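Visitor: Let me begin by handing over the structure; questions about it come next.
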Amino acid sequence: RYMEDQKREGIDLHPKLQGGARRNLLHEFGEQALRDYFEKGTPYALSLRKYGLNIFHGPFENGPQLIENKLLAIMPPGSNVISIQNQSETASYEGEEAFFDRSTPSLFLSDDEWKDKAVTLIRHADLIVSEALMLSPAVQFELEQALESDAWDKTVLILPPPSSEMETIDGESIIRKFPRCIWADEFHTSDLGDSFLIRDLIERVTAINALPEEQRSLLADRELRLQRFPIDMELVAKSLEMTASWQSQYVDEDDRVKYYGYWYLFRANEIRKRLLSSDKVNDYERIQLIDNYLQMGYIMSEYKKEGERIVFTGDLTEAFQCATSALSLLSEFEDKNHLLYNHFTERVTKFLGNLQGINAVVKIQPERFIFRPRFSLFPKK
């Protein structure tokens with residue numbers, strides 16, 4: 001079987017085939033994987049990337065690896081992985097069993113056909129991994145299609161981390177709509193399959209693939225598939241919040257922890273806001289949102305002293321926005337006699353008052369203050 005041949009170490013796909021012959025074989029395997037979905041309901045993961053960037057990830061005790069080969073290695077037996085070939089890339093198709101050889105079934109498409117095929121692939125994939133290290137027009141198009149196809153909840157983005165050679169893009173408007181984001185430096189110590197942001201999707205693929213073929217084939221209808229195997233995004237939100245809390249104990253050892261913590265909480269809130277717009281509207285969800293907004297606001301309003309001057313290392317405008325968002329949610333509270341309502345009203349009001357006081361002093365004595373953000377959270381306009 002073509003996929004089973006690949007499963008051994010993820011790189012032993014007909015190593016003697018090179019160049020055009022290897023590309024053609026990978027294309028045939030990709031077409032077959034797509035047919036397997038529509039005819040048998042066989043799940044597949046879709047691997048997307050920014051062309052022109054070949055990034056090899058750790059952990060390096062396992063050898064440097066391409067993301068698509070990592071994905072191939074962690075997918076359950078019998079499931080598929082599909083990618084799209086870069087027509088101008090040659091070194092990755094030499095078939096020498098090198099770490100840079102691409103072993104994933106991948107479609108070789110013309111410039112005129114790749115968009116239509118990408119739309120189909122994105123719409124029906126059970127898992128999408130996009131190595132979105134830069135927002136090229138092609139990457140932007142693919143992410144827009146994931147949103148239009150309502151595939152935001154099964155899309156995992158690999159992003160450049162802070163303090164790397166590449167600019168962070170967490171604050172870009174389209175990136176902010178995807179809560180499953182993994183910074184590439186996570187692969188220094190752990191593998192793709194270890195992340196809680198992808199693990200539940202792998203488990204879902206395993207469950208779908210375990211069905212008898214006559215049942216699974218009916219689930220080529222994506223709506224029936226989602227009804228039978230729903231994706232629990234509240235669990236992802238809780239995991240993001242727990243990770244932010246757990247990592248905060250290392251804030252004095254690693255300056256990046258504040259950056260990670262802010263975005264973990266931001267992404268948890270993006271999920272919870274979607275839940276609020278569904279049938280899960282309740283005060284519990286509001287409390288989680290309010291608490292996250294407060295934590296984000298605290299991060300954004302942090303400062304330190306340098307002599308007689310105060311240096312703000314966050315963004316006071318964003319801190320104010322977090323506080324006003326929390327206050328707005330309190331106004332929507334259903335049970336205003338609840339103990340937590342009074343507790344958070346006091347906290348939010350106090351925080352908002354502090355920010356207003358700081359802004360007033362900054363206007364009167366601007367020479368006393370320096371604004372030096374720890375990291376650039378949002379794109380400069």
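Chain identifiers are assigned as A, B, and so on, following the order in which chains appear in the structure tokens; residues are numbered from 1 within each chain, and ligands are numbered from 1 in order of appearance.
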Just list as a ChimeraX atom specification whatever in stretch 138-345 of chain A DSSP marks as helix (DSSP H, G or I).

Guide: /A:138-148,152-154,175-177,184-188,192-194,196-209,213-220,222-228,233-250,256-276,283-300,316-331,339-345

Visitor: Got a sec: who's within 10 Å of A:Pro162, counting only C-alpha atoms, leaving out chain neighbours fewer than 2 positions off, as a list of chain:residue names?

Guide: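 Answer for this query is A:Leu159, A:Pro160, A:Ser164, A:Glu165, A:Met166, A:Glu167, A:Thr168, A:Ile169, A:Asp170, A:Trp183, A:Ala184, A:Asp185, A:Asp255, A:Arg256, A:Tyr259, A:Tyr260, A:Phe375, A:Ser376, A:Leu377.
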
Visitor: Given the choices A:Ser83, A:Ser331, A:Leu226, A:Pro76, which gets closest to A:Ser47 if the distance is worked out from only C-alpha atoms?

Guide: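 When distances to A:Ser47 are compared using only C-alpha atoms, the smallest one comes from A:Ser83.
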
Visitor: Could you check how far atom CA of A:Leu265 sits from atom CA of A:Arg286, in Å to one decimal?

Guide: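 Computed distance, atom CA of A:Leu265 to atom CA of A:Arg286, equals 13.9 Å.
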
Visitor: What residues in stretch 109-292 of chain A get the DSSP label strand (DSSP E or B)? Please answer as a ChimeraX atom specification.

Guide: /A:127-131,155-159,181-183

Visitor: Kindly export the residues of the current selection with N, CA and C atoms, as a PDB file, in the first residue's frame.

Guide:
```pdb
ATOM      1  N   LEU A 127      -7.855  17.718   9.277  1.00  0.00           N
ATOM      2  CA  LEU A 127      -6.809  18.448   9.990  1.00  0.00           C
ATOM      3  C   LEU A 127      -6.008  19.224   8.954  1.00  0.00           C
ATOM      4  N   ILE A 128      -5.767  20.500   9.231  1.00  0.00           N
ATOM      5  CA  ILE A 128      -4.947  21.336   8.356  1.00  0.00           C
ATOM      6  C   ILE A 128      -3.777  21.870   9.176  1.00  0.00           C
ATOM      7  N   VAL A 129      -2.579  21.663   8.698  1.00  0.00           N
ATOM      8  CA  VAL A 129      -1.391  22.239   9.333  1.00  0.00           C
ATOM      9  C   VAL A 129      -0.755  23.191   8.327  1.00  0.00           C
ATOM     10  N   SER A 130      -0.743  24.477   8.682  1.00  0.00           N
ATOM     11  CA  SER A 130      -0.177  25.492   7.804  1.00  0.00           C
ATOM     12  C   SER A 130       1.062  26.088   8.448  1.00  0.00           C
ATOM     13  N   GLU A 131       2.194  25.908   7.780  1.00  0.00           N
ATOM     14  CA  GLU A 131       3.442  26.499   8.263  1.00  0.00           C
ATOM     15  C   GLU A 131       3.488  27.942   7.761  1.00  0.00           C
ATOM     16  N   THR A 155      -7.696  23.889  12.032  1.00  0.00           N
ATOM     17  CA  THR A 155      -6.499  24.415  11.390  1.00  0.00           C
ATOM     18  C   THR A 155      -5.454  24.749  12.445  1.00  0.00           C
ATOM     19  N   VAL A 156      -4.271  24.197  12.291  1.00  0.00           N
ATOM     20  CA  VAL A 156      -3.151  24.432  13.199  1.00  0.00           C
ATOM     21  C   VAL A 156      -2.099  25.239  12.450  1.00  0.00           C
ATOM     22  N   LEU A 157      -1.720  26.395  13.008  1.00  0.00           N
ATOM     23  CA  LEU A 157      -0.714  27.240  12.378  1.00  0.00           C
ATOM     24  C   LEU A 157       0.630  27.080  13.082  1.00  0.00           C
ATOM     25  N   ILE A 158       1.696  26.980  12.302  1.00  0.00           N
ATOM     26  CA  ILE A 158       3.053  27.010  12.828  1.00  0.00           C
ATOM     27  C   ILE A 158       3.589  28.416  12.567  1.00  0.00           C
ATOM     28  N   LEU A 159       3.908  29.139  13.641  1.00  0.00           N
ATOM     29  CA  LEU A 159       4.252  30.555  13.526  1.00  0.00           C
ATOM     30  C   LEU A 159       5.683  30.831  13.983  1.00  0.00           C
ATOM     31  N   CYS A 181      -2.444  27.782  17.421  1.00  0.00           N
ATOM     32  CA  CYS A 181      -1.170  28.288  16.898  1.00  0.00           C
ATOM     33  C   CYS A 181      -0.013  27.738  17.727  1.00  0.00           C
ATOM     34  N   ILE A 182       0.979  27.201  17.054  1.00  0.00           N
ATOM     35  CA  ILE A 182       2.168  26.667  17.712  1.00  0.00           C
ATOM     36  C   ILE A 182       3.370  27.479  17.245  1.00  0.00           C
ATOM     37  N   TRP A 183       4.126  28.037  18.190  1.00  0.00           N
ATOM     38  CA  TRP A 183       5.357  28.721  17.808  1.00  0.00           C
ATOM     39  C   TRP A 183       6.431  27.679  17.512  1.00  0.00           C
TER      40      TRP A 183
END
```

Visitor: Residues near A:Ala146, anyone? I mean within 8 Å using only C-alpha atoms, not counting same-chain ones fewer than 6 positions away, as a ChimeraX atom specification.

Guide: /A:122-123,152,155

Visitor: Those selected residues, please, written with all heavy atoms and delivered as a tab-separated table (two decimals), in the first residue's frame.

Guide:
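In the end it all went to selection_7.tsv:
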```tsv
chain	number	residue	atom	x	y	z
A	122	ILE	N	-9.02	22.05	1.45
A	122	ILE	CA	-9.25	22.72	2.73
A	122	ILE	C	-10.64	22.39	3.26
A	122	ILE	O	-10.81	22.13	4.46
A	122	ILE	CB	-9.07	24.24	2.56
A	122	ILE	CG1	-7.59	24.57	2.34
A	122	ILE	CG2	-9.63	25.00	3.76
A	122	ILE	CD1	-7.33	25.98	1.85
A	123	ARG	N	-11.63	22.36	2.39
A	123	ARG	CA	-13.01	22.14	2.82
A	123	ARG	C	-13.20	20.77	3.46
A	123	ARG	O	-13.97	20.62	4.42
A	123	ARG	CB	-13.95	22.31	1.63
A	123	ARG	CG	-15.41	22.06	1.97
A	123	ARG	CD	-16.33	22.42	0.83
A	123	ARG	NE	-17.70	22.09	1.13
A	123	ARG	CZ	-18.50	22.79	1.93
A	123	ARG	NH1	-18.04	23.86	2.52
A	123	ARG	NH2	-19.75	22.41	2.14
A	152	TRP	N	-11.76	26.76	10.75
A	152	TRP	CA	-10.87	27.44	11.70
A	152	TRP	C	-10.54	26.55	12.89
A	152	TRP	O	-9.44	26.63	13.45
A	152	TRP	CB	-11.53	28.73	12.21
A	152	TRP	CG	-12.79	28.46	13.00
A	152	TRP	CD1	-14.04	28.23	12.52
A	152	TRP	CD2	-12.89	28.36	14.43
A	152	TRP	NE1	-14.93	28.00	13.54
A	152	TRP	CE2	-14.25	28.07	14.73
A	152	TRP	CE3	-11.99	28.49	15.47
A	152	TRP	CZ2	-14.70	27.92	16.03
A	152	TRP	CZ3	-12.44	28.33	16.78
A	152	TRP	CH2	-13.78	28.05	17.05
A	155	THR	N	-7.70	23.89	12.03
A	155	THR	CA	-6.50	24.41	11.39
A	155	THR	C	-5.45	24.75	12.45
A	155	THR	O	-5.73	25.50	13.39
A	155	THR	CB	-6.83	25.68	10.57
A	155	THR	OG1	-7.78	25.34	9.55
A	155	THR	CG2	-5.58	26.25	9.92
```
